[in-house]
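These notes are about the structure you will find just below.
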Amino acid sequence: MTTNVEPAIVPNFDAVEGEGRKIAIICSKGNLDMAYPALILGNAALGEGVEVHLFFTFWGFDMINKKTMGDLKFTMLGNTATHMPQGLGGLPGMTAMATSRMKKSIADLDVPEVPEFLDQIVASGGHLWACRLSADMNRLGIDDIRDDVEGIISASDFIEKTAGAQLLFI
Amino acid sequence: MPVTTLSGHQIHVNDEGFLTDPSEWDEELGTALAAQIGITMTDEHWKVVRYLRADFATQGETATLRRVSTNGGVPVKQLFAMFPQKPAKKMAYIAGLPKPQGCV
């Protein structure tokens, strides 16, 4: 008597179509709520074996500036998605309150703060790059930014380094 | 739902090959699952897989990479070295658990 044994189904973790995939994310905003999309997507891509490059430019530079990276803020002002009267957002203390509430909801989901999230991204093999023009505009140098930023580079250098990458501007 | 046999174990799997009933798993099967995806289990691998199993038993969901590093105490860098390319999914597969649902 013979038994029919179905061949084992093995997940195709190393599918050829995913090979060599690269994602470049341009982080141009320094608001707390606008820092997270890049961090979450970049981190997810790394976890899928995708090569990830983050480029910090303009206000996004705040995400890697040692002075500001732990102190990004969220404001209701100009953000209709809070569904609150816009006038409220301008009252003293409102930005601080909105920021601490958002930080709490993020922490409750066990999502790290921005600096720690970038630590995780680097540990996962992600690459961080700082924008030359933004550094010059703010008179900042390599000592002012996270040590794991691989370099302060021009826009053309970033484009060159990310040849063939899928690009996301945030 | 396909039923398949792996190293003498009859197991229920989904269409990707992940076990659908975590109770069908034992460490011998874990070794066989790891071999299927080209991973040889070491003590370090077992530490991670045992953490995943224990955490799943109390939480009811598969730990994400971040949870394995912060609660399980294995650094992210090491997880990428042990389970290359797609650590979260590979760990879950070997541990006979569903893919993690969490984003971070």
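Scheme for the structure tokens: letters A, B, ... for chains in order shown; per-chain residue numbers from 1; ligand numbers from 1 in order shown.
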For this session: Identify all chain A residues at most 10 Å from chain B by counting only C-alpha atoms; ligands do not count. Present them as JSON, numbers by chain.
Result: {"A": [4, 5, 6, 7, 8, 9, 10, 11, 12, 13, 14, 39, 40, 41, 43, 44, 45, 46, 47, 48, 49, 50, 51, 109, 110, 111, 112, 117, 119, 120, 121, 122, 123, 124, 125]}
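The list of residues with at least one atom within 9 Å of region 38-53 of chain B, based on only C-alpha atoms and without residues fewer than 5 positions apart in the same chain, reads Pro22, Glu27, Gly30, Thr31, Leu33, Thr58, Thr62, Ala63, Val68, Gly72, Gly73, Val74, Leu79, Met82, Phe83, Met91, Ala92, Ile94, Ala95, Gly96 and Leu97 of chain B.
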For this session: Write down as a ChimeraX atom specification the residues of chain A whose backbone DSSP state falls under helix (DSSP H, G or I).
Result: /A:16-18,32-47,58-63,80-82,86-89,94-108,114-123,132-137,142-144,155-161
Exercise. Out of region 1-91 of chain B, which residues get strand (DSSP E) from DSSP, as a PyMOL selection string?
Worked result: chain B and resi 3-6+9-12
For those residues, write N, CA, C and O atoms to a file as a PDB file, in the first residue's frame.
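What follows is the written file again.pdb:
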ATOM      1  N   VAL B   3      -3.327  19.878   4.057  1.00  0.00           N
ATOM      2  CA  VAL B   3      -2.673  19.073   5.083  1.00  0.00           C
ATOM      3  C   VAL B   3      -1.394  18.547   4.449  1.00  0.00           C
ATOM      4  O   VAL B   3      -1.403  18.122   3.307  1.00  0.00           O
ATOM      5  N   THR B   4      -0.322  18.624   5.176  1.00  0.00           N
ATOM      6  CA  THR B   4       0.924  18.176   4.587  1.00  0.00           C
ATOM      7  C   THR B   4       1.696  17.375   5.636  1.00  0.00           C
ATOM      8  O   THR B   4       1.343  17.388   6.815  1.00  0.00           O
ATOM      9  N   THR B   5       2.701  16.661   5.185  1.00  0.00           N
ATOM     10  CA  THR B   5       3.494  15.885   6.133  1.00  0.00           C
ATOM     11  C   THR B   5       4.931  16.353   6.063  1.00  0.00           C
ATOM     12  O   THR B   5       5.488  16.503   4.983  1.00  0.00           O
ATOM     13  N   LEU B   6       5.483  16.621   7.222  1.00  0.00           N
ATOM     14  CA  LEU B   6       6.863  17.089   7.249  1.00  0.00           C
ATOM     15  C   LEU B   6       7.567  16.353   8.383  1.00  0.00           C
ATOM     16  O   LEU B   6       7.113  16.411   9.522  1.00  0.00           O
ATOM     17  N   HIS B   9       5.475  14.492  10.733  1.00  0.00           N
ATOM     18  CA  HIS B   9       4.363  15.177  11.378  1.00  0.00           C
ATOM     19  C   HIS B   9       3.308  15.509  10.333  1.00  0.00           C
ATOM     20  O   HIS B   9       3.640  16.081   9.295  1.00  0.00           O
ATOM     21  N   GLN B  10       2.052  15.168  10.630  1.00  0.00           N
ATOM     22  CA  GLN B  10       1.000  15.631   9.734  1.00  0.00           C
ATOM     23  C   GLN B  10       0.559  17.004  10.231  1.00  0.00           C
ATOM     24  O   GLN B  10       0.199  17.158  11.400  1.00  0.00           O
ATOM     25  N   ILE B  11       0.661  18.014   9.373  1.00  0.00           N
ATOM     26  CA  ILE B  11       0.358  19.374   9.832  1.00  0.00           C
ATOM     27  C   ILE B  11      -0.623  20.079   8.902  1.00  0.00           C
ATOM     28  O   ILE B  11      -0.674  19.809   7.705  1.00  0.00           O
ATOM     29  N   HIS B  12      -1.397  20.987   9.486  1.00  0.00           N
ATOM     30  CA  HIS B  12      -2.297  21.840   8.702  1.00  0.00           C
ATOM     31  C   HIS B  12      -1.581  23.148   8.439  1.00  0.00           C
ATOM     32  O   HIS B  12      -1.067  23.777   9.369  1.00  0.00           O
TER      33      HIS B  12
END
Near Lys66 (chain A), within 12 Å and counting only C-alpha atoms, which residues show up once chain neighbours fewer than 5 positions away are dropped, as an mmCIF file with all heavy atoms, in the first residue's frame?
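What ended up in out_38.cif:
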data_model
loop_
_atom_site.group_PDB
_atom_site.id
_atom_site.type_symbol
_atom_site.label_atom_id
_atom_site.label_comp_id
_atom_site.auth_asym_id
_atom_site.auth_seq_id
_atom_site.Cartn_x
_atom_site.Cartn_y
_atom_site.Cartn_z
ATOM 1 N N PHE A 61 15.298 67.511 8.446
ATOM 2 C CA PHE A 61 16.613 67.513 9.084
ATOM 3 C C PHE A 61 16.464 67.442 10.604
ATOM 4 O O PHE A 61 17.337 66.924 11.297
ATOM 5 C CB PHE A 61 17.355 68.794 8.680
ATOM 6 C CG PHE A 61 18.839 68.608 8.534
ATOM 7 C CD1 PHE A 61 19.395 68.203 7.331
ATOM 8 C CD2 PHE A 61 19.685 68.855 9.614
ATOM 9 C CE1 PHE A 61 20.774 68.042 7.201
ATOM 10 C CE2 PHE A 61 21.067 68.694 9.490
ATOM 11 C CZ PHE A 61 21.611 68.287 8.285
ATOM 12 N N ASP A 71 12.562 66.000 20.194
ATOM 13 C CA ASP A 71 11.600 67.023 20.607
ATOM 14 C C ASP A 71 10.727 67.496 19.449
ATOM 15 O O ASP A 71 10.354 68.664 19.370
ATOM 16 C CB ASP A 71 12.412 68.196 21.191
ATOM 17 C CG ASP A 71 11.517 69.181 21.938
ATOM 18 O OD1 ASP A 71 10.487 68.738 22.468
ATOM 19 O OD2 ASP A 71 11.845 70.383 21.951
ATOM 20 N N LEU A 72 10.376 66.593 18.532
ATOM 21 C CA LEU A 72 9.493 66.971 17.424
ATOM 22 C C LEU A 72 8.095 67.191 17.997
ATOM 23 O O LEU A 72 7.713 66.586 18.989
ATOM 24 C CB LEU A 72 9.465 65.872 16.361
ATOM 25 C CG LEU A 72 10.807 65.490 15.736
ATOM 26 C CD1 LEU A 72 10.584 64.519 14.573
ATOM 27 C CD2 LEU A 72 11.571 66.714 15.258
ATOM 28 N N VAL A 114 11.139 58.837 17.961
ATOM 29 C CA VAL A 114 11.881 59.010 16.701
ATOM 30 C C VAL A 114 13.354 58.561 16.791
ATOM 31 O O VAL A 114 13.805 57.764 15.962
ATOM 32 C CB VAL A 114 11.743 60.460 16.189
ATOM 33 C CG1 VAL A 114 12.661 60.713 14.997
ATOM 34 C CG2 VAL A 114 10.288 60.738 15.806
ATOM 35 N N PRO A 115 14.135 59.028 17.791
ATOM 36 C CA PRO A 115 15.546 58.618 17.816
ATOM 37 C C PRO A 115 15.725 57.104 17.945
ATOM 38 O O PRO A 115 16.551 56.502 17.253
ATOM 39 C CB PRO A 115 16.111 59.336 19.046
ATOM 40 C CG PRO A 115 15.192 60.483 19.273
ATOM 41 C CD PRO A 115 13.834 60.000 18.861
ATOM 42 N N LEU A 140 24.886 73.691 9.992
ATOM 43 C CA LEU A 140 25.071 72.481 10.796
ATOM 44 C C LEU A 140 26.101 71.589 10.117
ATOM 45 O O LEU A 140 26.211 71.574 8.885
ATOM 46 C CB LEU A 140 23.752 71.722 10.931
ATOM 47 C CG LEU A 140 22.652 72.442 11.719
ATOM 48 C CD1 LEU A 140 21.317 71.726 11.550
ATOM 49 C CD2 LEU A 140 23.011 72.556 13.202
ATOM 50 N N GLY A 141 26.840 70.856 10.929
ATOM 51 C CA GLY A 141 27.851 69.954 10.391
ATOM 52 C C GLY A 141 27.635 68.538 10.883
ATOM 53 O O GLY A 141 26.657 68.259 11.580
ATOM 54 N N ILE A 142 28.571 67.676 10.552
ATOM 55 C CA ILE A 142 28.460 66.248 10.861
ATOM 56 C C ILE A 142 28.358 66.002 12.378
ATOM 57 O O ILE A 142 27.736 65.038 12.819
ATOM 58 C CB ILE A 142 29.635 65.474 10.202
ATOM 59 C CG1 ILE A 142 29.301 63.988 10.079
ATOM 60 C CG2 ILE A 142 30.967 65.694 10.894
ATOM 61 C CD1 ILE A 142 28.500 63.642 8.843
ATOM 62 N N ASP A 143 28.929 66.924 13.178
ATOM 63 C CA ASP A 143 28.883 66.744 14.640
ATOM 64 C C ASP A 143 27.515 67.076 15.226
ATOM 65 O O ASP A 143 27.234 66.725 16.372
ATOM 66 C CB ASP A 143 29.922 67.646 15.324
ATOM 67 C CG ASP A 143 31.330 67.257 14.946
ATOM 68 O OD1 ASP A 143 31.518 66.075 14.561
ATOM 69 O OD2 ASP A 143 32.232 68.121 15.013
ATOM 70 N N ASP A 144 26.691 67.779 14.449
ATOM 71 C CA ASP A 144 25.377 68.171 14.958
ATOM 72 C C ASP A 144 24.317 67.102 14.720
ATOM 73 O O ASP A 144 23.200 67.217 15.218
ATOM 74 C CB ASP A 144 24.921 69.470 14.278
ATOM 75 C CG ASP A 144 25.896 70.607 14.535
ATOM 76 O OD1 ASP A 144 26.172 70.868 15.716
ATOM 77 O OD2 ASP A 144 26.393 71.204 13.559
ATOM 78 N N ILE A 145 24.670 66.116 13.922
ATOM 79 C CA ILE A 145 23.640 65.126 13.583
ATOM 80 C C ILE A 145 24.009 63.744 14.126
ATOM 81 O O ILE A 145 25.133 63.523 14.571
ATOM 82 C CB ILE A 145 23.406 65.055 12.056
ATOM 83 C CG1 ILE A 145 24.710 64.741 11.306
ATOM 84 C CG2 ILE A 145 22.816 66.368 11.545
ATOM 85 C CD1 ILE A 145 24.541 64.639 9.803
ATOM 86 N N ARG A 146 23.068 62.848 14.100
ATOM 87 C CA ARG A 146 23.281 61.478 14.603
ATOM 88 C C ARG A 146 24.556 60.898 14.024
ATOM 89 O O ARG A 146 24.833 61.058 12.839
ATOM 90 C CB ARG A 146 22.121 60.573 14.154
ATOM 91 C CG ARG A 146 20.785 60.836 14.763
ATOM 92 C CD ARG A 146 19.742 59.939 14.089
ATOM 93 N NE ARG A 146 20.076 58.534 14.271
ATOM 94 C CZ ARG A 146 19.517 57.741 15.200
ATOM 95 N NH1 ARG A 146 18.585 58.215 15.990
ATOM 96 N NH2 ARG A 146 19.864 56.475 15.321
ATOM 97 N N ASP A 147 25.279 60.144 14.845
ATOM 98 C CA ASP A 147 26.551 59.575 14.403
ATOM 99 C C ASP A 147 26.379 58.536 13.297
ATOM 100 O O ASP A 147 27.311 58.272 12.539
ATOM 101 C CB ASP A 147 27.266 58.907 15.590
ATOM 102 C CG ASP A 147 27.559 59.927 16.682
ATOM 103 O OD1 ASP A 147 27.651 61.128 16.360
ATOM 104 O OD2 ASP A 147 27.673 59.511 17.858
ATOM 105 N N ASP A 148 25.180 57.933 13.245
ATOM 106 C CA ASP A 148 25.014 56.874 12.253
ATOM 107 C C ASP A 148 24.518 57.389 10.892
ATOM 108 O O ASP A 148 24.248 56.593 9.993
ATOM 109 C CB ASP A 148 24.089 55.767 12.788
ATOM 110 C CG ASP A 148 22.843 56.324 13.452
ATOM 111 O OD1 ASP A 148 22.526 57.517 13.241
ATOM 112 O OD2 ASP A 148 22.183 55.563 14.185
ATOM 113 N N VAL A 149 24.426 58.723 10.744
ATOM 114 C CA VAL A 149 24.135 59.266 9.406
ATOM 115 C C VAL A 149 25.404 59.071 8.588
ATOM 116 O O VAL A 149 26.498 59.431 9.018
ATOM 117 C CB VAL A 149 23.750 60.757 9.494
ATOM 118 C CG1 VAL A 149 23.614 61.357 8.092
ATOM 119 C CG2 VAL A 149 22.444 60.928 10.264
#
Env of Met94 (chain A): 10 Å cut, atoms = only C-alpha atoms, seq-sep filter 3 positions within chain, self excluded. Answer as a compact mmCIF listing (two decimals) with all heavy atoms, in the first residue's frame.
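Final output, saved to result_35.txt:
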# COMPACT_ATOMS: atom_id res chain seq x y z
N PHE A 74 3.74 68.09 17.48
CA PHE A 74 2.53 67.96 16.68
C PHE A 74 1.64 69.15 17.00
O PHE A 74 1.44 69.49 18.16
CB PHE A 74 1.81 66.65 17.04
CG PHE A 74 0.41 66.57 16.52
CD1 PHE A 74 0.17 66.63 15.14
CD2 PHE A 74 -0.67 66.45 17.37
CE1 PHE A 74 -1.12 66.57 14.65
CE2 PHE A 74 -1.96 66.39 16.88
CZ PHE A 74 -2.19 66.44 15.52
N THR A 75 1.12 69.79 15.97
CA THR A 75 0.24 70.93 16.21
C THR A 75 -1.10 70.72 15.52
O THR A 75 -1.18 70.11 14.45
CB THR A 75 0.87 72.25 15.75
OG1 THR A 75 -0.03 73.31 16.06
CG2 THR A 75 1.15 72.26 14.24
N MET A 76 -2.16 71.25 16.17
CA MET A 76 -3.49 71.20 15.56
C MET A 76 -3.63 72.27 14.49
O MET A 76 -4.51 72.20 13.64
CB MET A 76 -4.54 71.50 16.63
CG MET A 76 -4.72 70.41 17.64
SD MET A 76 -5.56 71.06 19.12
CE MET A 76 -7.02 71.79 18.40
N LEU A 77 -2.77 73.28 14.55
CA LEU A 77 -2.88 74.43 13.64
C LEU A 77 -2.71 74.00 12.18
O LEU A 77 -1.73 73.35 11.84
CB LEU A 77 -1.83 75.48 13.97
CG LEU A 77 -2.13 76.38 15.17
CD1 LEU A 77 -0.96 77.31 15.43
CD2 LEU A 77 -3.41 77.18 14.95
N LEU A 88 -8.59 77.05 18.50
CA LEU A 88 -8.10 76.38 19.72
C LEU A 88 -6.61 76.08 19.64
O LEU A 88 -5.89 76.19 20.61
CB LEU A 88 -8.82 75.04 19.90
CG LEU A 88 -10.12 74.98 20.67
CD1 LEU A 88 -10.59 73.53 20.77
CD2 LEU A 88 -9.93 75.58 22.06
N GLY A 89 -6.21 75.69 18.43
CA GLY A 89 -4.82 75.28 18.23
C GLY A 89 -3.82 76.38 18.54
O GLY A 89 -2.66 76.09 18.84
N GLY A 90 -4.28 77.63 18.44
CA GLY A 90 -3.38 78.75 18.65
C GLY A 90 -3.26 79.17 20.11
O GLY A 90 -2.44 80.02 20.45
N LEU A 91 -4.07 78.58 20.97
CA LEU A 91 -4.01 78.95 22.39
C LEU A 91 -2.69 78.47 23.00
O LEU A 91 -2.16 77.45 22.60
CB LEU A 91 -5.19 78.33 23.16
CG LEU A 91 -6.57 78.80 22.72
CD1 LEU A 91 -7.66 78.07 23.51
CD2 LEU A 91 -6.72 80.31 22.92
N MET A 97 0.33 70.19 24.48
CA MET A 97 -0.64 69.18 24.91
C MET A 97 -0.90 68.17 23.79
O MET A 97 -0.92 66.96 24.02
CB MET A 97 -1.94 69.85 25.32
CG MET A 97 -2.85 68.92 26.07
SD MET A 97 -4.39 69.71 26.49
CE MET A 97 -5.30 69.45 24.98
N ALA A 98 -1.08 68.70 22.58
CA ALA A 98 -1.34 67.81 21.45
C ALA A 98 -0.15 66.88 21.24
O ALA A 98 -0.31 65.69 20.94
CB ALA A 98 -1.61 68.63 20.18
N THR A 99 1.06 67.41 21.42
CA THR A 99 2.26 66.59 21.24
C THR A 99 2.32 65.47 22.27
O THR A 99 2.57 64.31 21.93
CB THR A 99 3.53 67.47 21.37
OG1 THR A 99 3.45 68.49 20.37
CG2 THR A 99 4.79 66.66 21.17
N SER A 100 2.07 65.83 23.54
CA SER A 100 2.21 64.79 24.56
C SER A 100 1.13 63.73 24.41
O SER A 100 1.37 62.54 24.64
CB SER A 100 2.26 65.38 25.97
OG SER A 100 0.98 65.68 26.39
Seminar exercise, completed: Among A:Asp33, A:Lys67, A:Ile23, A:Asp136, Ala81 (chain A) is approached most closely, using only C-alpha atoms, by A:Asp33
For this session: Could you please determine the separation between CA of Lys104 (chain A) and CA of Ser28 (chain A) in Å, to one decimal place?
Result: 23.8 Å
Exercise. Which residues come within 10 Å of Asp62 (chain A), counting only C-alpha atoms, excluding same-chain residues fewer than 2 positions away, as a VMD selection string?
Worked result: chain A and resid 27 to 32 35 56 to 60 64 to 72 145
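Across the structure, CA of Thr64 (chain B) and CA of Lys99 (chain B) are spaced 8.9 Å apart.
With only C-alpha atoms as the basis for measurement, A:His127 is the residue among A:Ile153, A:His127, A:Pro85, A:Glu113 that approaches Gly42 (chain A) most closely.
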